[in-house]
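S.K.: Just my_file-v9.tsv, nothing more (TSV, C-alpha atoms):
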```tsv
chain	number	residue	atom	x	y	z
A	210	MET	CA	0.00	0.00	0.00
A	211	LYS	CA	2.79	2.43	0.83
A	212	PHE	CA	4.35	1.66	-2.55
A	213	ARG	CA	1.16	2.82	-4.34
A	214	ARG	CA	0.97	6.08	-2.39
A	215	PHE	CA	4.68	6.78	-2.87
A	216	PHE	CA	4.32	6.73	-6.64
A	217	GLY	CA	1.04	8.66	-6.65
A	218	LEU	CA	-1.15	5.73	-7.62
A	219	SER	CA	-4.69	5.90	-6.25
A	220	ASP	CA	-6.72	3.16	-4.65
A	221	LYS	CA	-8.67	0.69	-6.76
A	222	PRO	CA	-11.54	2.60	-8.47
A	223	GLY	CA	-14.88	1.89	-6.81
A	224	SER	CA	-13.35	0.52	-3.61
A	225	LYS	CA	-14.58	1.76	-0.25
A	226	LYS	CA	-11.36	3.74	0.34
A	227	ASP	CA	-11.67	5.37	-3.08
A	228	ARG	CA	-15.31	6.35	-2.41
A	229	ILE	CA	-14.41	7.90	0.94
A	230	ARG	CA	-11.45	9.80	-0.53
A	231	ARG	CA	-13.49	11.18	-3.44
A	232	SER	CA	-16.40	12.18	-1.16
A	233	ASN	CA	-14.05	14.03	1.19
A	234	ALA	CA	-12.57	15.87	-1.80
A	235	LEU	CA	-16.01	17.36	-2.53
A	236	HIS	CA	-16.34	18.87	0.96
A	237	GLY	CA	-16.64	22.66	0.78
A	238	GLN	CA	-17.11	22.92	-2.99
A	239	THR	CA	-19.45	25.71	-4.11
A	240	ILE	CA	-22.26	24.52	-6.37
A	241	ARG	CA	-23.51	26.34	-9.45
A	242	TYR	CA	-26.47	24.02	-10.03
A	243	VAL	CA	-27.66	20.42	-9.60
A	244	SER	CA	-29.51	18.41	-12.24
A	245	GLU	CA	-31.19	15.02	-12.41
A	246	MET	CA	-32.06	12.86	-15.42
A	247	VAL	CA	-35.56	11.38	-15.23
A	248	ASP	CA	-37.02	9.46	-18.19
A	249	GLY	CA	-34.50	10.96	-20.61
A	250	VAL	CA	-35.18	14.56	-19.55
A	251	GLU	CA	-32.56	16.46	-17.57
A	252	THR	CA	-34.10	18.80	-15.00
A	253	ILE	CA	-32.41	21.43	-12.84
A	254	ILE	CA	-33.37	20.59	-9.25
A	255	GLY	CA	-31.33	23.27	-7.46
A	256	ARG	CA	-29.17	26.35	-7.91
A	257	GLY	CA	-26.40	27.59	-5.67
A	258	GLY	CA	-25.28	25.87	-2.47
A	259	ASN	CA	-22.39	23.64	-1.44
A	260	ALA	CA	-21.27	20.06	-0.81
A	261	SER	CA	-20.55	18.92	2.72
A	262	VAL	CA	-19.45	15.77	4.54
A	263	ARG	CA	-21.02	15.44	7.99
A	264	ALA	CA	-21.41	12.48	10.33
A	265	GLY	CA	-20.49	9.95	7.66
A	266	GLU	CA	-22.83	11.36	5.01
A	267	LEU	CA	-22.31	13.37	1.83
A	268	LEU	CA	-24.83	16.22	1.73
A	269	ILE	CA	-25.63	18.36	-1.31
A	270	PHE	CA	-27.21	21.66	-0.25
A	271	SER	CA	-28.84	23.67	-3.01
A	272	SER	CA	-31.71	26.15	-3.18
A	273	ASP	CA	-31.69	26.39	0.65
A	274	GLU	CA	-32.46	22.71	1.20
A	275	VAL	CA	-30.75	19.31	1.20
A	276	ILE	CA	-31.21	17.80	-2.26
A	277	PHE	CA	-29.05	14.66	-1.97
A	278	ARG	CA	-27.99	12.81	1.20
A	279	THR	CA	-26.11	9.52	1.14
A	280	PRO	CA	-23.49	7.65	3.22
A	281	PHE	CA	-20.14	8.78	1.83
A	282	ASP	CA	-18.75	5.24	1.70
A	283	GLU	CA	-21.61	4.10	-0.59
A	284	VAL	CA	-21.68	6.92	-3.17
A	285	LEU	CA	-20.11	6.42	-6.60
A	286	THR	CA	-18.44	9.57	-7.95
A	287	ALA	CA	-17.47	10.20	-11.57
A	288	ASP	CA	-15.88	13.42	-12.87
A	289	LEU	CA	-17.43	15.10	-15.90
A	290	LEU	CA	-15.24	15.23	-18.98
A	291	SER	CA	-15.60	19.01	-19.04
A	292	GLY	CA	-13.96	19.10	-15.60
A	293	ASP	CA	-16.55	21.39	-14.02
A	294	GLY	CA	-18.53	18.90	-11.97
A	295	VAL	CA	-19.28	15.34	-10.89
A	296	VAL	CA	-21.97	12.71	-11.24
A	297	LEU	CA	-23.08	11.20	-7.93
A	298	ARG	CA	-24.89	7.87	-7.69
A	299	GLY	CA	-26.07	6.12	-4.56
A	300	PRO	CA	-28.89	5.58	-2.09
A	301	ASP	CA	-30.66	8.84	-1.23
A	302	SER	CA	-32.44	9.33	2.10
A	303	VAL	CA	-34.05	12.63	0.99
A	304	SER	CA	-36.11	11.13	-1.85
A	305	GLY	CA	-36.19	7.64	-0.35
A	306	SER	CA	-34.65	6.18	-3.51
A	307	SER	CA	-32.30	3.20	-3.25
A	308	ASP	CA	-30.39	4.34	-6.37
A	309	ARG	CA	-30.46	8.00	-7.41
A	310	THR	CA	-28.16	9.77	-9.84
A	311	VAL	CA	-27.58	13.54	-9.76
A	312	THR	CA	-25.11	15.74	-11.62
A	313	VAL	CA	-23.47	18.53	-9.64
A	314	TYR	CA	-21.84	21.46	-11.46
A	315	PHE	CA	-19.37	23.54	-9.44
A	316	VAL	CA	-18.52	27.24	-9.64
A	317	ASP	CA	-14.76	26.61	-9.43
A	318	TYR	CA	-13.94	22.89	-9.29
A	319	ARG	CA	-10.52	22.15	-7.80
A	320	LYS	CA	-9.32	18.55	-8.07
```
Give the structure from this file in structure tokens form.
M.R.:
Amino acid sequence: MKFRRFFGLSDKPGSKKDRIRRSNALHGQTIRYVSEMVDGVETIIGRGGNASVRAGELLIFSSDEVIFRTPFDEVLTADLLSGDGVVLRGPDSVSGSSDRTVTVYFVDYRK
């Protein structure tokens, strides 16, 4: 394990350690807007806000409310090719969905 970190190699993609690391990297990011794809139609579900990690959960605050709340070790995170946001997929306690996917666009995304 120390060998991988020494040479800058990340953990295995999709592993629990990788999910935790990527969730923690989102903490404090300022959100431009949040969208969700439902039946082939992408809808903006929130504007403004931030991402936060609290008590073992990844929270997405937007439009003065929590839009997405999931345990940070269960969320799958994928960067957008444009580099200005991420796609989050996991169980959501706000909507009660066992598998919800939202796209979060940041104001100034720092990797």
S.K.: Could you pull the residues within 9 Å of Glu283 in chain A, counting all atoms listed in the file, minus those fewer than 5 positions along the same chain, as a list in words?
M.R.: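 Result of the neighbour search: Lys225, Arg228, Ile229, Arg298, Gly299 and Pro300 of chain A.
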S.K.: Put those residues in a file: C-alpha atoms, as a tab-separated table (two decimals), in the frame of the given file.
M.R.:
```tsv
chain	number	residue	atom	x	y	z
A	225	LYS	CA	-14.58	1.76	-0.25
A	228	ARG	CA	-15.31	6.35	-2.41
A	229	ILE	CA	-14.41	7.90	0.94
A	298	ARG	CA	-24.89	7.87	-7.69
A	299	GLY	CA	-26.07	6.12	-4.56
A	300	PRO	CA	-28.89	5.58	-2.09
```
S.K.: Just the residues within 12 Å of Arg309 in chain A, please, counting all atoms listed in the file, with nothing from its chain fewer than 3 positions along; format it as a ChimeraX atom specification.
M.R.: /A:244-247,276-279,283-285,296-306,312
S.K.: The selected residues should be written to file as a CSV table (one decimal), keeping the file's coordinate frame (atoms: C-alpha atoms).
M.R.:
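What landed in result38.csv:
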```csv
chain,number,residue,atom,x,y,z
A,244,SER,CA,-29.5,18.4,-12.2
A,245,GLU,CA,-31.2,15.0,-12.4
A,246,MET,CA,-32.1,12.9,-15.4
A,247,VAL,CA,-35.6,11.4,-15.2
A,276,ILE,CA,-31.2,17.8,-2.3
A,277,PHE,CA,-29.0,14.7,-2.0
A,278,ARG,CA,-28.0,12.8,1.2
A,279,THR,CA,-26.1,9.5,1.1
A,283,GLU,CA,-21.6,4.1,-0.6
A,284,VAL,CA,-21.7,6.9,-3.2
A,285,LEU,CA,-20.1,6.4,-6.6
A,296,VAL,CA,-22.0,12.7,-11.2
A,297,LEU,CA,-23.1,11.2,-7.9
A,298,ARG,CA,-24.9,7.9,-7.7
A,299,GLY,CA,-26.1,6.1,-4.6
A,300,PRO,CA,-28.9,5.6,-2.1
A,301,ASP,CA,-30.7,8.8,-1.2
A,302,SER,CA,-32.4,9.3,2.1
A,303,VAL,CA,-34.0,12.6,1.0
A,304,SER,CA,-36.1,11.1,-1.8
A,305,GLY,CA,-36.2,7.6,-0.4
A,306,SER,CA,-34.6,6.2,-3.5
A,312,THR,CA,-25.1,15.7,-11.6
```
S.K.: Within 7 Å of (-21.0, 28.3, -6.8) (file coordinates; only C-alpha atoms), which protein or nucleic acid residues are there? I'd like them as a list of chain:residue names.
M.R.: A:Thr239, A:Ile240, A:Arg241, A:Gly257, A:Gly258, A:Phe315, A:Val316, A:Asp317
S.K.: Limited to C-alpha atoms, could you put the picked residues into a file as a PDB file, in the frame of the given file?
M.R.:
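Contents of the output file out_4.pdb:
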```pdb
ATOM      1  CA  THR A 239     -19.450  25.710  -4.110  1.00  0.00           C
ATOM      2  CA  ILE A 240     -22.260  24.520  -6.370  1.00  0.00           C
ATOM      3  CA  ARG A 241     -23.510  26.340  -9.450  1.00  0.00           C
ATOM      4  CA  GLY A 257     -26.400  27.590  -5.670  1.00  0.00           C
ATOM      5  CA  GLY A 258     -25.280  25.870  -2.470  1.00  0.00           C
ATOM      6  CA  PHE A 315     -19.370  23.540  -9.440  1.00  0.00           C
ATOM      7  CA  VAL A 316     -18.520  27.240  -9.640  1.00  0.00           C
ATOM      8  CA  ASP A 317     -14.760  26.610  -9.430  1.00  0.00           C
TER       9      ASP A 317
END
```
S.K.: Please measure the separation of CA of Ser261 in chain A and CA of His236 in chain A, giving the value in Å to one decimal.
M.R.: 4.6 Å
S.K.: In Å, rounded to a single decimal, give me how far CA of Asp248 in chain A is from CA of Ala260 in chain A.
M.R.: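 Between these atoms lies a distance of 25.7 Å.
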S.K.: Please indicate the distance in Å from CA of Tyr242 in chain A to CA of Val262 in chain A, rounded to one decimal place.
M.R.: 18.2 Å
S.K.: Counting only C-alpha atoms, which residue out of A:Phe281, A:Ser271, A:Gly292, A:Thr310 sits closest to Ala234 in chain A?
M.R.: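 Selected residue with least distance to Ala234 in chain A: A:Phe281.
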S.K.: For Ile269 in chain A, which residue out of A:Gln238, A:Ser307, A:Thr252, A:Ser224 is the nearest one, using all atoms listed in the file?
M.R.: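 For Ile269 in chain A, the nearest of the candidates is A:Gln238.
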S.K.: Could you write out as AutoDock Vina command-line options the box around range 251-254 of chain A (axis-aligned, all atoms listed in the file, 3 Å on each side), with centre and edge lengths in Å to one decimal?
M.R.:
```
--center_x -33.3 --center_y 18.9 --center_z -13.4 --size_x 7.7 --size_y 11.0 --size_z 14.3
```
S.K.: Between A:Ala264, A:Asp293, A:Tyr314, A:Ala287, which has the minimum distance to Asp227 in chain A (counting all atoms listed in the file)?
M.R.: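 Distance minimum relative to Asp227 in chain A lands on A:Ala287.
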